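Participant: Pasting run-v7.tsv below, which is TSV, C-alpha atoms.
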chain	number	residue	atom	x	y	z
A	1	MET	CA	47.06	12.03	-6.46
A	2	THR	CA	46.58	15.25	-8.35
A	3	GLU	CA	45.31	15.57	-11.90
A	4	VAL	CA	48.76	16.58	-13.16
A	5	GLU	CA	50.43	13.62	-11.41
A	6	TYR	CA	47.86	11.18	-12.73
A	7	ILE	CA	48.16	12.43	-16.28
A	8	ARG	CA	51.96	12.36	-16.14
A	9	THR	CA	52.50	9.09	-14.27
A	10	ARG	CA	49.60	7.06	-15.58
A	11	ILE	CA	48.14	8.36	-18.82
A	12	ASP	CA	51.32	9.67	-20.44
A	13	ASP	CA	53.25	6.55	-19.40
A	14	GLN	CA	50.54	4.29	-20.83
A	15	ILE	CA	50.39	6.32	-24.04
A	16	MET	CA	54.16	5.98	-24.40
A	17	TRP	CA	54.11	2.23	-23.67
A	18	TYR	CA	51.28	1.48	-26.10
A	19	SER	CA	52.76	3.73	-28.77
A	20	THR	CA	56.19	2.10	-28.46
A	21	LYS	CA	54.70	-1.40	-28.61
A	22	ALA	CA	52.54	-0.47	-31.59
A	23	THR	CA	55.58	0.83	-33.45
A	24	GLN	CA	57.60	-2.30	-32.64
A	25	ASN	CA	54.84	-4.64	-33.77
A	26	LYS	CA	54.28	-2.62	-36.94
A	27	ARG	CA	57.98	-2.93	-37.72
A	28	TYR	CA	57.98	-6.70	-36.99
A	29	ASN	CA	54.87	-7.15	-39.13
A	30	HIS	CA	56.36	-5.30	-42.10
A	31	TRP	CA	59.69	-7.09	-41.84
A	32	SER	CA	58.06	-10.52	-41.64
A	33	LYS	CA	55.82	-9.78	-44.63
A	34	ALA	CA	58.79	-8.42	-46.60
A	35	ALA	CA	60.89	-11.49	-45.78
A	36	ILE	CA	58.10	-13.80	-46.94
A	37	ILE	CA	57.80	-11.88	-50.22
A	38	VAL	CA	61.57	-11.90	-50.84
A	39	PHE	CA	61.98	-15.60	-49.99
A	40	SER	CA	58.93	-16.54	-52.10
A	41	ALA	CA	60.10	-14.52	-55.10
A	42	SER	CA	63.60	-16.02	-54.81
A	43	ILE	CA	62.45	-19.61	-55.29
A	44	PRO	CA	61.43	-19.34	-58.97
A	45	LEU	CA	64.48	-17.19	-59.66
A	46	ILE	CA	66.83	-19.77	-58.16
A	47	ALA	CA	64.96	-22.60	-59.91
A	48	GLY	CA	65.73	-20.95	-63.26
A	49	ILE	CA	69.44	-20.39	-62.61
A	50	GLU	CA	72.00	-23.05	-63.44
A	51	PHE	CA	73.53	-24.43	-60.25
A	52	SER	CA	74.53	-27.86	-59.27
A	53	PRO	CA	71.25	-29.73	-58.69
A	54	SER	CA	72.06	-30.61	-55.08
A	55	PHE	CA	72.93	-26.99	-54.18
A	56	LYS	CA	69.81	-25.70	-55.92
A	57	ASN	CA	67.60	-28.20	-54.10
A	58	ILE	CA	69.14	-27.31	-50.74
A	59	LEU	CA	68.76	-23.58	-51.39
A	60	ILE	CA	65.13	-23.92	-52.48
A	61	GLY	CA	64.44	-26.13	-49.46
A	62	VAL	CA	66.00	-23.60	-47.09
A	63	LEU	CA	63.96	-20.76	-48.61
A	64	GLY	CA	60.78	-22.83	-48.31
A	65	ALA	CA	61.58	-23.59	-44.69
A	66	LEU	CA	62.27	-19.90	-43.97
A	67	ILE	CA	58.91	-18.97	-45.49
A	68	ALA	CA	57.17	-21.49	-43.24
A	69	ILE	CA	59.10	-20.33	-40.15
A	70	VAL	CA	58.52	-16.60	-40.70
A	71	SER	CA	54.84	-17.16	-41.58
A	72	GLY	CA	54.34	-19.35	-38.53
A	73	LEU	CA	56.04	-16.92	-36.17
A	74	SER	CA	54.12	-13.98	-37.60
A	75	GLY	CA	50.84	-15.80	-37.06
A	76	LEU	CA	51.80	-17.04	-33.61
A	77	LEU	CA	53.10	-13.71	-32.34
A	78	LYS	CA	50.23	-11.77	-33.99
A	79	PHE	CA	52.25	-8.71	-34.97
A	80	GLN	CA	49.49	-7.12	-37.04
A	81	GLU	CA	46.78	-7.65	-34.40
A	82	LYS	CA	48.99	-6.29	-31.62
A	83	TRP	CA	50.03	-3.32	-33.74
A	84	THR	CA	46.43	-2.27	-34.38
A	85	GLU	CA	45.24	-2.97	-30.82
A	86	TYR	CA	48.12	-1.06	-29.22
A	87	ARG	CA	47.77	1.86	-31.63
A	88	THR	CA	44.03	2.03	-30.96
A	89	THR	CA	44.56	2.03	-27.20
A	90	SER	CA	47.26	4.70	-27.44
A	91	GLU	CA	45.08	6.94	-29.60
A	92	THR	CA	42.06	6.42	-27.34
A	93	LEU	CA	44.12	7.43	-24.29
A	94	LYS	CA	45.33	10.54	-26.13
A	95	HIS	CA	41.73	11.34	-27.05
A	96	GLU	CA	40.55	11.01	-23.43
A	97	LYS	CA	43.40	13.21	-22.22
A	98	ILE	CA	42.58	15.96	-24.73
A	99	LEU	CA	38.86	15.83	-23.97
A	100	PHE	CA	39.61	16.12	-20.25
A	101	GLN	CA	42.13	18.94	-20.64
A	102	THR	CA	39.77	20.95	-22.84
A	103	LYS	CA	36.71	20.05	-20.75
A	104	THR	CA	34.84	18.91	-23.86
A	105	GLY	CA	32.81	15.83	-24.73
A	106	PRO	CA	31.76	13.86	-21.67
A	107	TYR	CA	33.83	16.15	-19.44
A	108	SER	CA	32.03	19.37	-20.40
A	109	GLU	CA	29.18	19.07	-17.92
A	110	GLU	CA	30.57	16.49	-15.49
A	111	GLY	CA	30.58	17.57	-11.83
A	112	GLU	CA	33.77	15.62	-11.12
A	113	PRO	CA	35.67	15.36	-14.41
A	114	PHE	CA	38.88	14.04	-12.85
A	115	LYS	CA	37.07	11.05	-11.32
A	116	MET	CA	35.47	10.40	-14.69
A	117	LEU	CA	38.87	10.57	-16.40
A	118	VAL	CA	40.37	8.08	-13.95
A	119	THR	CA	37.43	5.71	-14.32
A	120	ARG	CA	37.41	5.84	-18.12
A	121	THR	CA	41.20	5.52	-18.36
A	122	GLU	CA	41.41	2.63	-15.92
A	123	ASN	CA	38.53	0.83	-17.65
A	124	LEU	CA	40.33	1.16	-20.97
A	125	VAL	CA	43.65	-0.12	-19.61
A	126	SER	CA	41.87	-2.89	-17.69
A	127	LYS	CA	40.01	-3.96	-20.84
A	128	GLU	CA	43.29	-4.16	-22.75
A	129	HIS	CA	44.89	-6.14	-19.92
A	130	SER	CA	41.92	-8.54	-19.80
A	131	ALA	CA	42.19	-9.15	-23.53
A	132	TRP	CA	45.90	-9.88	-23.10
A	133	SER	CA	45.23	-12.24	-20.17
A	134	GLN	CA	42.61	-14.14	-22.17
A	135	TYR	CA	45.05	-14.49	-25.07
A	136	ILE	CA	47.79	-15.80	-22.75
A	137	ASN	CA	45.44	-18.23	-21.01
A	138	LYS	CA	44.16	-19.47	-24.37
A	139	GLN	CA	47.75	-20.29	-25.38
A	140	ASN	CA	48.30	-22.54	-22.34
Translate this structure into structure tokens?

Facilitator:
Amino acid sequence: MTEVEYIRTRIDDQIMWYSTKATQNKRYNHWSKAAIIVFSASIPLIAGIEFSPSFKNILIGVLGALIAIVSGLSGLLKFQEKWTEYRTTSETLKHEKILFQTKTGPYSEEGEPFKMLVTRTENLVSKEHSAWSQYINKQN
């Protein structure tokens, strides 16, 4: 595999995947936090408005349940942790690619910079995959 093929098919694809996943998890994190804030702020508002007592109690109960559900799912699915981990991995891959392409940093005096790039990139992706595997196995 040539340097150009490796960068295009492996590094650029991984950068895109991690960047996309980071963006998705950031969005999910913000939406879940916003929902919790809105539902929480609605409870005292609804408590102060004149409704039939049974409707008010049901509405407050539903909002409380929604807060618990959204909080639980956010904690279980770890949107914030995934967002930061994926963004970090994406940015690290971009950094490695730039250092390699400009022959700077660890690649400036390396006899075989492409082999070093492959090793460093695969170690990074492998580390991320291992962390994911440990998380999945911990859940079972």

Participant: Would you kindly return, as a PDB file with C-alpha atoms, in the coordinates of the input, each protein, DNA or RNA residue with an atom no farther than 8 Å from any atom of range 76-85 of chain A, considering all atoms listed in the file and excluding same-chain residues fewer than 4 positions away?

Facilitator:
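Printed below is result.pdb as written:
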ATOM      1  CA  LYS A  21      54.700  -1.400 -28.610  1.00  0.00           C
ATOM      2  CA  ALA A  22      52.540  -0.470 -31.590  1.00  0.00           C
ATOM      3  CA  THR A  23      55.580   0.830 -33.450  1.00  0.00           C
ATOM      4  CA  GLN A  24      57.600  -2.300 -32.640  1.00  0.00           C
ATOM      5  CA  ASN A  25      54.840  -4.640 -33.770  1.00  0.00           C
ATOM      6  CA  LYS A  26      54.280  -2.620 -36.940  1.00  0.00           C
ATOM      7  CA  TYR A  28      57.980  -6.700 -36.990  1.00  0.00           C
ATOM      8  CA  ASN A  29      54.870  -7.150 -39.130  1.00  0.00           C
ATOM      9  CA  GLY A  72      54.340 -19.350 -38.530  1.00  0.00           C
ATOM     10  CA  THR A  89      44.560   2.030 -27.200  1.00  0.00           C
TER      11      THR A  89
END

Participant: Just how far from CA of Thr88 in chain A is CA of His129 in chain A, in Å to one decimal?

Facilitator: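 Computed distance, CA of His129 in chain A to CA of Thr88 in chain A, equals 13.8 Å.
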
Participant: Which is closer to Val125 in chain A than all the others in A:Leu66, A:Thr102, A:Ile11, A:Leu59, using all atoms listed in the file?

Facilitator: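 Checking each of A:Leu66, A:Thr102, A:Ile11, A:Leu59 against Val125 in chain A, counting all atoms listed in the file, the winner is A:Ile11.
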
Participant: Using only C-alpha atoms, which protein or nucleic acid residues come within 12 Å of Val118 in chain A? Drop anything in the same chain fewer than 6 positions from it, and give the result as a list in words.

Facilitator: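 In the requested format, the answer is Met1, Thr2, Glu3, Val4, Glu5, Tyr6, Ile7, Arg10, Ile11, Leu93, Glu96, Lys97, Phe100, Tyr107, Glu112, Leu124, Val125 and Ser126 of chain A.
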
Participant: I'd like the interatomic distance between CA of Ile58 in chain A and CA of Ile46 in chain A, to a tenth of an Å.

Facilitator: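 Separating CA of Ile58 in chain A from CA of Ile46 in chain A is a distance of 10.8 Å.
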
Participant: Find, counting all atoms listed in the file, the residue in A:Val62, A:Ile67, A:Leu99, A:Asp12 that gets nearest to Phe114 in chain A.

Facilitator: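 Among the listed residues, the smallest separation from Phe114 in chain A belongs to A:Leu99.
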
Participant: What gap, in Å, lies between CA of Glu128 in chain A and CA of Met116 in chain A?

Facilitator: 18.4 Å

Participant: Can you pull out the residues contacting Ser32 in chain A? Cut-off 9 Å, using only C-alpha atoms, and skip same-chain residues under 6 positions away; I want them as a compact mmCIF listing (two decimals) with C-alpha atoms, in the coordinates of the input.

Facilitator:
# COMPACT_ATOMS: atom_id res chain seq x y z
CA VAL A 70 58.52 -16.60 -40.70
CA SER A 71 54.84 -17.16 -41.58
CA LEU A 73 56.04 -16.92 -36.17
CA SER A 74 54.12 -13.98 -37.60

Participant: Pick out the closest residue to Asn123 in chain A from this set: A:Ser40, A:Thr92, A:Asn57, A:Thr20. Count only C-alpha atoms.

Facilitator: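 Looking only at the distances to Asn123 in chain A, the closest residue turns out to be A:Thr92.
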
Participant: Compare A:Leu117, A:Ala47, A:Ile36, A:Ala65 by their minimum atom-to-atom distance to His95 in chain A, counting only C-alpha atoms, and give me the closest one.

Facilitator: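 Looking only at the distances to His95 in chain A, the closest residue turns out to be A:Leu117.
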
Participant: With all atoms listed in the file as the atoms that count, which of A:Ile60, A:Ile15, A:Ser130, A:Trp31 lies nearest to Leu45 in chain A?

Facilitator: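 Of all the options, A:Ile60 lies closest to Leu45 in chain A.
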